[in-house]
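This is model-v5.txt (compact mmCIF, C-alpha atoms).
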```
# COMPACT_ATOMS: atom_id res chain seq x y z
CA MET A 1 21.75 19.25 -8.60
CA ALA A 2 17.97 19.24 -8.74
CA PRO A 3 16.16 18.44 -5.50
CA VAL A 4 15.12 14.83 -5.02
CA VAL A 5 11.75 15.94 -3.64
CA ARG A 6 10.11 19.24 -4.47
CA PHE A 7 6.55 19.82 -3.35
CA ARG A 8 4.90 23.22 -3.75
CA SER A 9 1.42 23.77 -2.31
CA ALA A 10 0.81 20.08 -2.90
CA VAL A 11 -2.64 18.78 -2.08
CA ALA A 12 -3.53 15.11 -1.74
CA LEU A 13 -6.88 13.64 -0.87
CA LEU A 14 -7.79 10.48 1.00
CA GLY A 15 -11.33 10.03 -0.21
CA ARG A 16 -12.71 13.56 0.13
CA PHE A 17 -10.48 14.42 3.07
CA PRO A 18 -7.45 16.62 2.25
CA ALA A 19 -4.70 14.61 3.92
CA LEU A 20 -2.11 17.01 2.50
CA SER A 21 -3.36 20.55 2.25
CA GLY A 22 -0.65 22.65 0.66
CA VAL A 23 2.65 20.97 1.46
CA ASP A 24 5.86 22.82 0.69
CA LEU A 25 8.92 20.62 0.99
CA THR A 26 12.29 20.40 -0.71
CA VAL A 27 14.72 17.56 -0.06
CA GLU A 28 18.18 17.75 -1.56
CA PRO A 29 20.20 14.72 -2.79
CA GLY A 30 21.89 12.79 0.00
CA GLU A 31 19.82 14.39 2.75
CA VAL A 32 18.29 12.42 5.61
CA VAL A 33 15.08 14.18 6.62
CA LEU A 34 12.91 13.30 9.59
CA LEU A 35 9.19 14.06 9.46
CA GLU A 36 7.78 14.75 12.90
CA GLY A 37 4.22 15.28 13.93
CA ALA A 38 1.28 13.93 15.84
CA ASN A 39 -0.92 11.13 14.54
CA GLY A 40 -2.88 12.40 11.56
CA ALA A 41 -0.38 15.14 10.78
CA GLY A 42 0.07 13.80 7.26
CA LYS A 43 3.47 12.12 7.55
CA THR A 44 2.38 8.76 6.14
CA THR A 45 0.38 10.40 3.37
CA LEU A 46 3.36 12.56 2.42
CA LEU A 47 5.61 9.50 2.22
CA ARG A 48 3.01 7.64 0.15
CA ALA A 49 2.58 10.66 -2.09
CA CYS A 50 6.36 10.77 -2.62
CA ALA A 51 6.18 7.11 -3.59
CA GLY A 52 3.42 7.81 -6.10
CA LEU A 53 0.83 5.78 -4.21
CA VAL A 54 -1.34 8.73 -3.20
CA PRO A 55 -2.13 11.08 -6.10
CA VAL A 56 -1.32 14.77 -5.74
CA VAL A 57 -4.34 16.59 -7.09
CA ALA A 58 -3.18 20.22 -6.87
CA GLY A 59 0.08 22.11 -6.58
CA GLU A 60 3.44 20.80 -7.76
CA ALA A 61 5.04 17.49 -6.85
CA TRP A 62 8.35 16.42 -8.33
CA VAL A 63 10.29 13.36 -7.20
CA LEU A 64 13.63 12.35 -8.70
CA GLY A 65 12.98 14.68 -11.60
CA TRP A 66 9.57 13.24 -12.46
CA ASP A 67 6.36 15.16 -12.22
CA LEU A 68 4.19 13.02 -9.96
CA ARG A 69 1.05 14.55 -11.37
CA ALA A 70 1.99 13.36 -14.86
CA ASP A 71 3.95 10.14 -14.35
CA ARG A 72 3.80 8.22 -11.08
CA ARG A 73 4.93 4.89 -12.50
CA SER A 74 8.43 6.07 -13.40
CA VAL A 75 8.89 7.28 -9.85
CA ARG A 76 7.61 4.14 -8.21
CA ARG A 77 10.29 1.78 -9.42
CA ARG A 78 13.01 4.20 -8.29
CA VAL A 79 11.86 4.75 -4.73
CA GLY A 80 11.77 2.31 -1.85
CA LEU A 81 8.90 2.63 0.60
CA LEU A 82 8.81 0.82 3.91
CA GLY A 83 5.35 1.46 5.29
CA HIS A 84 3.61 0.09 8.35
CA ALA A 85 3.26 -3.19 6.45
CA GLY A 86 6.17 -4.94 4.84
CA THR A 87 4.52 -5.84 1.51
CA LEU A 88 5.61 -9.45 2.01
CA TYR A 89 3.87 -12.61 0.83
CA ASP A 90 3.24 -14.88 3.82
CA ASP A 91 3.58 -18.12 1.86
CA LEU A 92 6.91 -17.26 0.27
CA GLY A 93 10.24 -17.56 2.02
CA ALA A 94 12.23 -14.52 3.07
CA GLU A 95 14.67 -14.90 0.20
CA GLU A 96 11.88 -15.52 -2.32
CA ASN A 97 10.12 -12.33 -1.22
CA VAL A 98 13.23 -10.23 -1.56
CA ARG A 99 14.18 -11.86 -4.86
CA PHE A 100 10.74 -11.12 -6.28
CA ALA A 101 10.95 -7.46 -5.20
CA VAL A 102 14.41 -7.08 -6.70
CA ARG A 103 13.55 -8.77 -9.99
CA ALA A 104 10.31 -6.82 -10.29
CA ALA A 105 12.23 -3.59 -9.95
CA GLY A 106 14.75 -4.75 -12.54
CA GLY A 107 17.50 -5.01 -9.93
CA ASP A 108 20.40 -7.42 -9.64
CA PRO A 109 19.41 -10.72 -7.94
CA ALA A 110 23.02 -11.07 -6.78
CA ALA A 111 22.28 -8.32 -4.26
CA VAL A 112 19.67 -10.44 -2.47
CA ALA A 113 21.90 -12.71 -0.37
CA PRO A 114 24.22 -9.95 0.91
CA ALA A 115 21.22 -7.78 1.82
CA LEU A 116 19.59 -10.58 3.80
CA ALA A 117 22.86 -11.38 5.55
CA ARG A 118 23.35 -7.72 6.43
CA LEU A 119 19.96 -7.61 8.14
CA GLY A 120 20.69 -10.84 10.01
CA VAL A 121 18.29 -12.95 7.96
CA ASP A 122 20.42 -15.98 7.33
CA GLY A 123 20.52 -19.73 7.80
CA ARG A 124 17.10 -21.34 7.95
CA LEU A 125 15.38 -17.96 8.22
CA ARG A 126 16.11 -17.32 4.55
CA SER A 127 13.88 -20.14 3.40
CA THR A 128 11.28 -19.88 6.16
CA ALA A 129 7.85 -18.73 5.04
CA VAL A 130 7.48 -15.11 6.06
CA GLY A 131 4.11 -15.87 7.64
CA ARG A 132 5.96 -17.88 10.28
CA LEU A 133 8.36 -15.10 11.21
CA SER A 134 7.99 -12.68 14.11
CA ALA A 135 7.07 -9.05 13.46
CA GLY A 136 10.67 -7.99 13.96
CA GLN A 137 12.00 -10.66 11.62
CA ARG A 138 9.46 -9.63 8.98
CA ARG A 139 10.64 -6.04 9.37
CA ARG A 140 14.19 -7.16 8.74
CA VAL A 141 13.15 -9.02 5.59
CA ALA A 142 11.32 -5.94 4.32
CA LEU A 143 14.38 -3.81 5.02
CA ALA A 144 16.54 -6.36 3.20
CA GLY A 145 14.26 -5.90 0.21
CA LEU A 146 14.97 -2.18 0.25
CA ALA A 147 18.68 -2.69 0.75
CA ALA A 148 18.87 -5.16 -2.14
CA ARG A 149 17.08 -2.73 -4.45
CA SER A 150 19.23 0.26 -3.43
CA PRO A 151 16.64 2.85 -4.40
CA ALA A 152 17.64 6.46 -4.99
CA LEU A 153 15.03 7.62 -2.48
CA TRP A 154 14.24 5.73 0.73
CA LEU A 155 10.87 6.47 2.30
CA LEU A 156 10.63 4.95 5.77
CA ASP A 157 7.46 5.09 7.85
CA GLU A 158 8.10 4.20 11.49
CA PRO A 159 11.03 2.00 10.45
CA HIS A 160 12.08 1.17 14.00
CA ALA A 161 8.69 -0.28 14.91
CA GLY A 162 8.85 -3.95 15.83
CA LEU A 163 12.65 -4.17 15.75
CA ASP A 164 14.71 -5.26 18.73
CA ALA A 165 17.77 -3.32 19.86
CA ALA A 166 20.09 -5.12 17.47
CA GLY A 167 17.64 -4.65 14.62
CA ARG A 168 17.39 -0.93 15.35
CA ASP A 169 21.14 -0.62 15.23
CA LEU A 170 21.19 -2.49 11.91
CA LEU A 171 18.52 -0.17 10.56
CA ASP A 172 20.44 2.91 11.64
CA ASP A 173 23.58 1.56 9.98
CA LEU A 174 21.61 0.85 6.84
CA VAL A 175 20.22 4.39 6.68
CA ARG A 176 23.62 5.91 7.29
CA SER A 177 25.31 3.80 4.65
CA ALA A 178 22.52 4.48 2.14
CA ALA A 179 22.97 8.22 2.69
CA ALA A 180 26.73 7.86 2.49
CA GLY A 181 26.24 6.07 -0.81
CA GLY A 182 24.34 9.02 -2.23
CA ALA A 183 20.76 7.94 -1.52
CA THR A 184 18.23 10.33 -0.05
CA VAL A 185 16.21 9.26 2.96
CA VAL A 186 12.93 10.65 4.27
CA LEU A 187 11.64 8.98 7.40
CA ALA A 188 8.72 9.46 9.73
CA SER A 189 9.08 8.34 13.28
CA HIS A 190 7.69 8.91 16.73
CA GLU A 191 11.02 7.80 18.16
CA ALA A 192 12.27 11.34 17.98
CA GLU A 193 15.57 10.89 19.78
CA ARG A 194 16.75 7.92 17.79
CA ALA A 195 15.50 9.20 14.45
CA SER A 196 16.86 12.69 15.03
CA ALA A 197 20.30 11.21 15.47
CA LEU A 198 20.02 9.85 11.93
CA ALA A 199 18.53 12.95 10.35
CA GLY A 200 20.29 16.02 9.10
CA ARG A 201 17.05 17.98 9.20
CA VAL A 202 13.74 17.73 11.00
CA VAL A 203 10.52 18.78 9.33
CA ALA A 204 7.50 19.27 11.56
CA MET A 205 4.05 18.51 10.18
CA ALA A 206 0.58 19.25 11.46
CA GLY A 207 -2.81 19.27 9.82
CA GLY A 208 -1.47 18.06 6.48
CA ARG A 209 1.05 20.90 6.20
CA VAL A 210 4.74 21.41 6.83
CA GLN A 211 4.95 23.65 9.88
CA ALA A 212 8.62 24.40 10.29
CA ARG A 213 12.10 23.30 9.38
CA GLU A 214 14.86 23.13 11.88
CA PRO A 215 18.27 21.52 12.22
CA ALA A 216 18.24 18.03 13.65
CA ARG A 217 18.61 17.81 17.36
CA VAL A 218 21.74 16.07 18.48
CA ALA A 219 20.95 13.05 20.60
CA MET B 220 5.50 -7.07 -20.45
CA TRP B 221 6.16 -10.78 -21.01
CA ARG B 222 9.01 -10.81 -18.50
CA ASP B 223 6.75 -9.19 -15.92
CA ALA B 224 3.96 -11.65 -16.73
CA LEU B 225 6.30 -14.61 -16.19
CA LEU B 226 7.52 -13.13 -12.92
CA VAL B 227 4.01 -12.59 -11.55
CA ALA B 228 2.73 -15.97 -12.77
CA GLY B 229 5.71 -17.71 -11.20
CA LYS B 230 5.14 -15.88 -7.93
CA ASP B 231 1.41 -16.67 -7.82
CA LEU B 232 1.93 -20.34 -8.69
CA ARG B 233 4.69 -20.65 -6.11
CA ILE B 234 2.36 -19.19 -3.48
CA GLU B 235 -0.36 -21.67 -4.47
CA ALA B 236 2.09 -24.55 -4.37
CA ARG B 237 3.12 -23.56 -0.83
CA SER B 238 -0.32 -22.74 0.54
CA ARG B 239 -2.00 -25.69 -1.19
CA VAL B 240 -5.29 -23.82 -1.24
CA ALA B 241 -5.95 -24.97 -4.80
CA THR B 242 -5.29 -28.62 -4.05
CA ASN B 243 -6.76 -28.77 -0.54
CA GLN B 244 -9.75 -26.48 -0.95
CA VAL B 245 -10.62 -25.52 -4.53
CA ALA B 246 -10.32 -28.98 -6.08
CA PRO B 247 -12.21 -30.74 -3.25
CA PHE B 248 -14.89 -28.04 -3.47
CA ALA B 249 -15.30 -28.71 -7.19
CA LEU B 250 -15.57 -32.45 -6.59
CA VAL B 251 -18.11 -31.88 -3.82
CA VAL B 252 -20.19 -29.86 -6.28
CA LEU B 253 -20.09 -32.82 -8.71
CA VAL B 254 -21.08 -35.24 -5.97
CA LEU B 255 -23.96 -33.00 -4.86
CA PHE B 256 -25.25 -32.86 -8.42
CA GLY B 257 -25.02 -36.63 -8.38
CA PHE B 258 -27.12 -36.82 -5.21
CA ALA B 259 -29.71 -34.49 -6.72
CA LEU B 260 -30.07 -36.49 -9.94
CA ASP B 261 -29.08 -39.92 -8.65
CA PRO B 262 -32.18 -41.95 -9.53
CA ASP B 263 -31.46 -41.64 -13.23
CA ARG B 264 -27.82 -42.11 -14.23
CA GLY B 265 -28.85 -41.43 -17.83
CA VAL B 266 -29.82 -37.89 -16.86
CA LEU B 267 -26.45 -37.43 -15.16
CA ALA B 268 -24.58 -38.60 -18.26
CA ARG B 269 -26.64 -36.35 -20.50
CA ALA B 270 -26.20 -33.36 -18.20
CA SER B 271 -22.53 -34.07 -17.49
CA ALA B 272 -21.22 -31.35 -19.81
CA GLY B 273 -23.28 -28.63 -18.13
CA LEU B 274 -22.56 -29.93 -14.63
CA PHE B 275 -18.84 -30.05 -15.44
CA TRP B 276 -18.82 -26.41 -16.54
CA VAL B 277 -20.95 -25.22 -13.62
CA ALA B 278 -18.40 -26.81 -11.31
CA VAL B 279 -15.55 -25.15 -13.25
CA LEU B 280 -17.33 -21.79 -13.08
CA LEU B 281 -17.92 -21.94 -9.33
CA SER B 282 -14.37 -23.08 -8.72
CA SER B 283 -13.00 -20.27 -10.86
CA LEU B 284 -14.59 -17.81 -8.41
CA LEU B 285 -12.53 -19.30 -5.62
CA ALA B 286 -9.35 -19.23 -7.71
CA VAL B 287 -9.86 -15.58 -8.64
CA GLN B 288 -10.69 -14.57 -5.07
CA ARG B 289 -7.58 -16.35 -3.88
CA SER B 290 -5.47 -14.62 -6.54
CA PHE B 291 -6.44 -11.22 -5.12
CA ALA B 292 -6.49 -12.30 -1.49
CA VAL B 293 -2.72 -12.79 -1.66
CA GLU B 294 -2.38 -9.18 -2.81
CA SER B 295 -4.38 -7.77 0.11
CA GLY B 296 -2.35 -9.10 3.05
CA ASP B 297 0.54 -7.02 4.39
CA ALA B 298 -0.14 -4.35 1.74
CA THR B 299 1.33 -6.53 -0.99
CA GLY B 300 -0.94 -4.71 -3.44
CA ASP B 301 1.05 -1.57 -2.66
CA GLY B 302 4.20 -3.57 -3.25
CA LEU B 303 2.91 -4.64 -6.64
CA ARG B 304 2.11 -1.04 -7.60
CA LEU B 305 5.47 0.16 -6.31
CA SER B 306 7.35 -2.57 -8.13
CA GLY B 307 7.11 -0.72 -11.40
CA LEU B 308 5.91 -3.88 -13.12
CA ASP B 309 3.97 -3.29 -16.31
CA PRO B 310 0.25 -3.48 -15.36
CA ALA B 311 -0.41 -5.46 -18.52
CA GLY B 312 2.29 -7.90 -17.43
CA ILE B 313 0.71 -8.18 -13.98
CA PHE B 314 -2.66 -8.90 -15.58
CA LEU B 315 -1.25 -11.53 -17.92
CA GLY B 316 0.74 -13.13 -15.11
CA LYS B 317 -2.20 -13.34 -12.74
CA ALA B 318 -4.49 -14.58 -15.51
CA ALA B 319 -1.93 -17.22 -16.52
CA ALA B 320 -1.65 -18.45 -12.94
CA VAL B 321 -5.43 -18.69 -12.56
CA ALA B 322 -5.66 -20.41 -15.96
CA ALA B 323 -3.03 -22.96 -14.96
CA GLN B 324 -5.00 -23.81 -11.82
CA LEU B 325 -8.26 -24.06 -13.75
CA ALA B 326 -6.63 -26.33 -16.32
CA ALA B 327 -5.41 -28.67 -13.60
CA LEU B 328 -8.84 -28.53 -11.97
CA GLN B 329 -10.52 -29.50 -15.23
CA VAL B 330 -8.41 -32.65 -15.42
CA VAL B 331 -9.67 -33.62 -11.97
CA LEU B 332 -13.26 -32.72 -12.82
CA ALA B 333 -13.11 -34.57 -16.14
CA ALA B 334 -12.08 -37.70 -14.25
CA GLY B 335 -14.90 -36.94 -11.84
CA VAL B 336 -17.63 -36.83 -14.50
CA VAL B 337 -16.34 -40.04 -16.05
CA VAL B 338 -16.35 -41.88 -12.72
CA LEU B 339 -19.42 -40.32 -11.10
CA TYR B 340 -21.65 -39.68 -14.12
CA ASP B 341 -20.49 -42.40 -16.47
CA ALA B 342 -19.79 -39.71 -19.06
CA ASP B 343 -18.10 -40.60 -22.35
CA LEU B 344 -15.45 -38.03 -23.22
CA GLY B 345 -15.21 -38.75 -26.92
CA GLY B 346 -14.09 -36.11 -29.43
CA PRO B 347 -10.99 -35.08 -27.51
CA ALA B 348 -9.90 -32.39 -29.98
CA LEU B 349 -13.09 -30.37 -29.54
CA LEU B 350 -13.16 -30.97 -25.79
CA LEU B 351 -9.57 -29.82 -25.38
CA ALA B 352 -10.00 -26.79 -27.63
CA THR B 353 -13.11 -25.84 -25.66
CA CYS B 354 -11.24 -26.21 -22.38
CA ALA B 355 -8.36 -24.06 -23.63
CA ALA B 356 -10.55 -21.22 -24.90
CA ALA B 357 -12.93 -21.30 -21.94
CA THR B 358 -10.06 -21.40 -19.46
CA VAL B 359 -8.38 -18.35 -20.98
CA GLY B 360 -11.68 -16.49 -21.08
CA LEU B 361 -12.63 -17.37 -17.51
CA ALA B 362 -9.20 -16.48 -16.17
CA ALA B 363 -9.01 -13.18 -18.05
CA ALA B 364 -12.54 -12.07 -17.12
CA GLY B 365 -11.99 -13.28 -13.56
CA VAL B 366 -8.82 -11.25 -13.12
CA VAL B 367 -10.43 -8.14 -14.63
CA TYR B 368 -13.41 -8.34 -12.29
CA GLY B 369 -11.26 -9.53 -9.40
CA ALA B 370 -9.20 -6.34 -9.69
CA LEU B 371 -12.39 -4.30 -9.92
CA ALA B 372 -13.70 -5.80 -6.68
CA ALA B 373 -10.35 -6.02 -4.89
CA GLY B 374 -10.42 -2.58 -3.32
CA LEU B 375 -13.89 -2.95 -1.87
CA ARG B 376 -14.74 -4.21 1.59
CA VAL B 377 -17.52 -6.37 0.17
CA ARG B 378 -15.30 -7.99 -2.45
CA GLU B 379 -16.01 -11.58 -1.41
CA THR B 380 -19.72 -11.23 -2.04
CA LEU B 381 -19.49 -8.71 -4.86
CA LEU B 382 -17.19 -10.73 -7.10
CA PRO B 383 -19.68 -13.56 -7.78
CA LEU B 384 -22.38 -10.98 -8.45
CA LEU B 385 -20.18 -9.20 -10.97
CA LEU B 386 -18.49 -12.16 -12.57
CA LEU B 387 -21.13 -14.86 -12.92
CA PRO B 388 -23.42 -12.91 -15.28
CA VAL B 389 -20.41 -11.88 -17.37
CA VAL B 390 -19.16 -15.45 -17.80
CA ALA B 391 -22.61 -16.89 -18.48
CA PRO B 392 -21.75 -17.01 -22.22
CA VAL B 393 -18.75 -19.18 -21.34
CA LEU B 394 -20.99 -21.61 -19.49
CA LEU B 395 -23.44 -21.73 -22.37
CA SER B 396 -20.85 -22.04 -25.15
CA ALA B 397 -18.60 -24.49 -23.36
CA THR B 398 -21.54 -26.70 -22.44
CA ARG B 399 -22.82 -26.76 -26.02
CA ALA B 400 -19.36 -27.45 -27.40
CA TRP B 401 -18.80 -30.29 -24.92
CA GLU B 402 -22.21 -31.78 -25.64
CA ALA B 403 -21.29 -31.84 -29.31
CA GLY B 404 -17.84 -33.25 -28.57
CA MET B 405 -19.36 -35.96 -26.37
CA GLY B 406 -21.92 -36.87 -29.03
CA LEU B 407 -24.83 -35.67 -26.90
CA SER B 408 -26.04 -33.17 -29.49
CA VAL B 409 -25.78 -32.57 -33.20
CA ASP B 410 -24.71 -28.93 -32.85
CA ASP B 411 -21.56 -27.73 -34.56
CA GLY B 412 -19.37 -27.69 -31.48
CA TRP B 413 -16.54 -25.86 -33.21
CA ARG B 414 -18.73 -22.79 -33.70
CA TRP B 415 -19.31 -22.69 -29.94
CA ALA B 416 -15.58 -23.09 -29.41
CA GLN B 417 -14.99 -20.17 -31.75
CA LEU B 418 -17.37 -18.07 -29.66
CA LEU B 419 -15.35 -18.99 -26.60
CA ALA B 420 -12.17 -17.91 -28.38
CA VAL B 421 -13.74 -14.54 -29.21
CA PHE B 422 -14.73 -14.12 -25.55
CA ALA B 423 -11.18 -14.93 -24.50
CA VAL B 424 -9.65 -12.47 -26.96
CA VAL B 425 -12.03 -9.70 -25.84
CA TYR B 426 -11.23 -10.14 -22.16
CA VAL B 427 -7.50 -10.60 -22.62
CA THR B 428 -7.44 -7.39 -24.65
CA LEU B 429 -9.60 -5.58 -22.10
CA GLY B 430 -7.35 -6.72 -19.29
CA VAL B 431 -4.14 -5.68 -21.05
CA VAL B 432 -5.57 -2.24 -21.79
CA ALA B 433 -7.48 -1.54 -18.57
CA PHE B 434 -5.60 -3.33 -15.82
CA GLY B 435 -3.39 -0.34 -15.01
CA ALA B 436 -6.42 1.78 -14.19
CA LEU B 437 -8.04 -1.07 -12.26
CA LEU B 438 -4.87 -1.60 -10.23
CA GLU B 439 -4.81 2.07 -9.26
CA GLU B 440 -8.36 1.92 -7.99
CA SER B 441 -8.02 -1.37 -6.12
```
Is it possible to express this structure as C-alpha cells?
Amino acid sequence: MAPVVRFRSAVALLGRFPALSGVDLTVEPGEVVLLEGANGAGKTTLLRACAGLVPVVAGEAWVLGWDLRADRRSVRRRVGLLGHAGTLYDDLGAEENVRFAVRAAGGDPAAVAPALARLGVDGRLRSTAVGRLSAGQRRRVALAGLAARSPALWLLDEPHAGLDAAGRDLLDDLVRSAAAGGATVVLASHEAERASALAGRVVAMAGGRVQAREPARVA
Amino acid sequence: MWRDALLVAGKDLRIEARSRVATNQVAPFALVVLVLFGFALDPDRGVLARASAGLFWVAVLLSSLLAVQRSFAVESGDATGDGLRLSGLDPAGIFLGKAAAVAAQLAALQVVLAAGVVVLYDADLGGPALLLATCAAATVGLAAAGVVYGALAAGLRVRETLLPLLLLPVVAPVLLSATRAWEAGMGLSVDDGWRWAQLLAVFAVVYVTLGVVAFGALLEES
C-alpha cells in the first residue's frame, strides 16, 4: 500500500521564515507516529502542512495519495486536525458544533451522538454553548468531532493538553481504536511518556527538519 | 455548492440567533443613527422627510459594516477559520452561505429601519414594488461585496478599521442608486427609479459572481 504521508525535502514557509526546511518523512497506513522536538522544531507546521493548511513550496508532499502541492482541498476533507484550538463556535452547542463539522465533511450525522457519548459529552453538556464549557470539556467536544468524522489520517497537536486524567484515558483509547480501525495517526506532544506509549514510532524534529527515527520507547 | 451554502448560512444564522448581536447591537445602532440624524435636522421635519431615503440607506450601509465584521469575527475565534478551510466545503458555497446570512440580517434590519423612518421622519413609503425591489437588489449587493471585502480584511490585524476603509467606497454606488430609487418610489423625485434599481441589480450580479469565483483564493489568504 502507498504511504499515507510521504514528504521528500519538503519546504514550507511561515511568512518568509522556513518553518520546514527539507523534511523527509514517510508514514505507512495504520501507523501511530509521535513527533518529538523542542518548541519551534516544526512539529505544528508539519502537522498543518499534512492537513493542507500550510503550503509546501518546494520538495514533494503527498498525503493520502494526493499531491499537496497540486491539490490541498481534496486532502483537507479526508484528514482530521486537532490543533491547539478546537475550531469550535462559542455560541453553538457541543452537538451543533460536531454536527456542523460532520455535515460539512459529508459524514454521517448519525455518528454524532455516539461520538459525543464516547468522549463523555452527554446530558446537558450536549446542548450547552461551547463558550460556557471548560477548556477540557471543549477539548472533548473537538475530539468528538474528529471521532464522528472518522478521518483516514488523524493529526493531533498536543492532544492531551487541557484534559483531565479520565479525558486523557479516553483520548488514548480513541487513538488506539482509530489505529485499530485502519486510520493513521500522527501526533505531536511534549508528554513524551504518555504519547510514546501510544506511538509505534517516534520521529525527532529540530530546526524544521526530521532528525532521526527510532522505535517508540515503552512506557 | 448549494448544499454547502445552506449549511454555512444555517450555521451563521444560528450563531446570530444565539448571540443576539444583530438584535441587541446592530439594530439598536441603526436606530440610534436614525435618531441622531433626527437631532441634527430636527428643526425642519420637512427636510427629514425629504432626506429620509438617503438617511435610511446611510443607516443600512453603516449597519452592514457591523454585520460583515460580525460574520468574520465568528470565524476568527478558536481557529474556526481553519476549521472552515479543513471542512472541505466548496469556497463558493461558503461565500454564498455567508452572504445569504448577512443578507437575511440586513433584510430584517431594513424592516426595522423602514418603521423608524416612518415614525421618526414622517416618511411616506409609497410605491412598495420599487422600494422592495430596491431593497432586494441593494441587500444582495451589499452582502456580497461585504463578504468579499470582509474575507480580504479577515486575515489582517487591522481588519476592524480596514474594512470600512475598503468597503465604504466600493458600496458608494449602492448608496447613490438605492437612495435615488427610493426617492422615486416615495414620490420625492421624478427620476426613473427602476433604472436605479437595475443598476443595483447589476452591482449585485457583479459582486456575487466575483465572490463565487474569488472566494477560494480569499479564504486561503485570510
> Near chain A, which residues of chain B fall within 7 Å when you count all atoms listed in the file, and what do they look like as a ChimeraX atom specification?
Replying inline: /B:234,237-238,297-299,301-302,305-308
If we count all atoms listed in the file, what is near Asp231 in chain B at a cut-off of 12 Å, once residues fewer than 2 positions away on the same chain are taken out, given as a PDB file with C-alpha atoms, in the frame of the given file?
```pdb
ATOM      1  CA  TYR A  89       3.870 -12.610   0.830  1.00  0.00           C
ATOM      2  CA  ASP A  90       3.240 -14.880   3.820  1.00  0.00           C
ATOM      3  CA  ASP A  91       3.580 -18.120   1.860  1.00  0.00           C
ATOM      4  CA  LEU A  92       6.910 -17.260   0.270  1.00  0.00           C
ATOM      5  CA  GLU A  96      11.880 -15.520  -2.320  1.00  0.00           C
ATOM      6  CA  ASN A  97      10.120 -12.330  -1.220  1.00  0.00           C
ATOM      7  CA  PHE A 100      10.740 -11.120  -6.280  1.00  0.00           C
TER       8      PHE A 100
ATOM      9  CA  ALA B 224       3.960 -11.650 -16.730  1.00  0.00           C
ATOM     10  CA  LEU B 225       6.300 -14.610 -16.190  1.00  0.00           C
ATOM     11  CA  LEU B 226       7.520 -13.130 -12.920  1.00  0.00           C
ATOM     12  CA  VAL B 227       4.010 -12.590 -11.550  1.00  0.00           C
ATOM     13  CA  ALA B 228       2.730 -15.970 -12.770  1.00  0.00           C
ATOM     14  CA  GLY B 229       5.710 -17.710 -11.200  1.00  0.00           C
ATOM     15  CA  ARG B 233       4.690 -20.650  -6.110  1.00  0.00           C
ATOM     16  CA  ILE B 234       2.360 -19.190  -3.480  1.00  0.00           C
ATOM     17  CA  GLU B 235      -0.360 -21.670  -4.470  1.00  0.00           C
ATOM     18  CA  ALA B 236       2.090 -24.550  -4.370  1.00  0.00           C
ATOM     19  CA  ARG B 237       3.120 -23.560  -0.830  1.00  0.00           C
ATOM     20  CA  SER B 238      -0.320 -22.740   0.540  1.00  0.00           C
ATOM     21  CA  ARG B 239      -2.000 -25.690  -1.190  1.00  0.00           C
ATOM     22  CA  VAL B 240      -5.290 -23.820  -1.240  1.00  0.00           C
ATOM     23  CA  ALA B 241      -5.950 -24.970  -4.800  1.00  0.00           C
ATOM     24  CA  ALA B 286      -9.350 -19.230  -7.710  1.00  0.00           C
ATOM     25  CA  VAL B 287      -9.860 -15.580  -8.640  1.00  0.00           C
ATOM     26  CA  ARG B 289      -7.580 -16.350  -3.880  1.00  0.00           C
ATOM     27  CA  SER B 290      -5.470 -14.620  -6.540  1.00  0.00           C
ATOM     28  CA  PHE B 291      -6.440 -11.220  -5.120  1.00  0.00           C
ATOM     29  CA  ALA B 292      -6.490 -12.300  -1.490  1.00  0.00           C
ATOM     30  CA  VAL B 293      -2.720 -12.790  -1.660  1.00  0.00           C
ATOM     31  CA  GLU B 294      -2.380  -9.180  -2.810  1.00  0.00           C
ATOM     32  CA  ILE B 313       0.710  -8.180 -13.980  1.00  0.00           C
ATOM     33  CA  PHE B 314      -2.660  -8.900 -15.580  1.00  0.00           C
ATOM     34  CA  LEU B 315      -1.250 -11.530 -17.920  1.00  0.00           C
ATOM     35  CA  GLY B 316       0.740 -13.130 -15.110  1.00  0.00           C
ATOM     36  CA  LYS B 317      -2.200 -13.340 -12.740  1.00  0.00           C
ATOM     37  CA  ALA B 318      -4.490 -14.580 -15.510  1.00  0.00           C
ATOM     38  CA  ALA B 319      -1.930 -17.220 -16.520  1.00  0.00           C
ATOM     39  CA  ALA B 320      -1.650 -18.450 -12.940  1.00  0.00           C
ATOM     40  CA  VAL B 321      -5.430 -18.690 -12.560  1.00  0.00           C
ATOM     41  CA  ALA B 322      -5.660 -20.410 -15.960  1.00  0.00           C
ATOM     42  CA  ALA B 323      -3.030 -22.960 -14.960  1.00  0.00           C
ATOM     43  CA  GLN B 324      -5.000 -23.810 -11.820  1.00  0.00           C
TER      44      GLN B 324
END
```
>> Which residues are close to Val279 in chain B, i.e. within 8 Å by all atoms listed in the file, leaving aside same-chain residues fewer than 3 positions away? Reply as a list of chain:residue names.
In response: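 Counting all atoms listed in the file, the residues come to B:Ala249, B:Phe275, B:Trp276, B:Ser282, B:Ser283, B:Leu325, B:Leu328, B:Gln329, B:Leu332.
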> Between A:Leu46, A:Ala111, A:Met1, A:Ala188, which is the closest to Gly22 in chain A once you count all atoms listed in the file?
Replying inline: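 The answer is A:Leu46, which sits nearest to Gly22 in chain A.
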> What is the CA of Ala179 in chain A to CA of Val98 in chain A distance in Å?
Replying inline: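 For CA of Ala179 in chain A relative to CA of Val98 in chain A, the distance reads 21.3 Å.
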> Do you know which residues are at most 8 Å from Ala420 in chain B counting all atoms listed in the file, after dropping those on the same chain fewer than 4 positions away, and could you put them as a PyMOL selection string?
Replying inline: chain B and resi 356-357+360+416+424
> Skipping near chain neighbours, those fewer than 6 positions away, what residues fall within 6 Å of Gly59 in chain A using only C-alpha atoms, listed as number ranges by chain?
Replying inline: A: 8-10
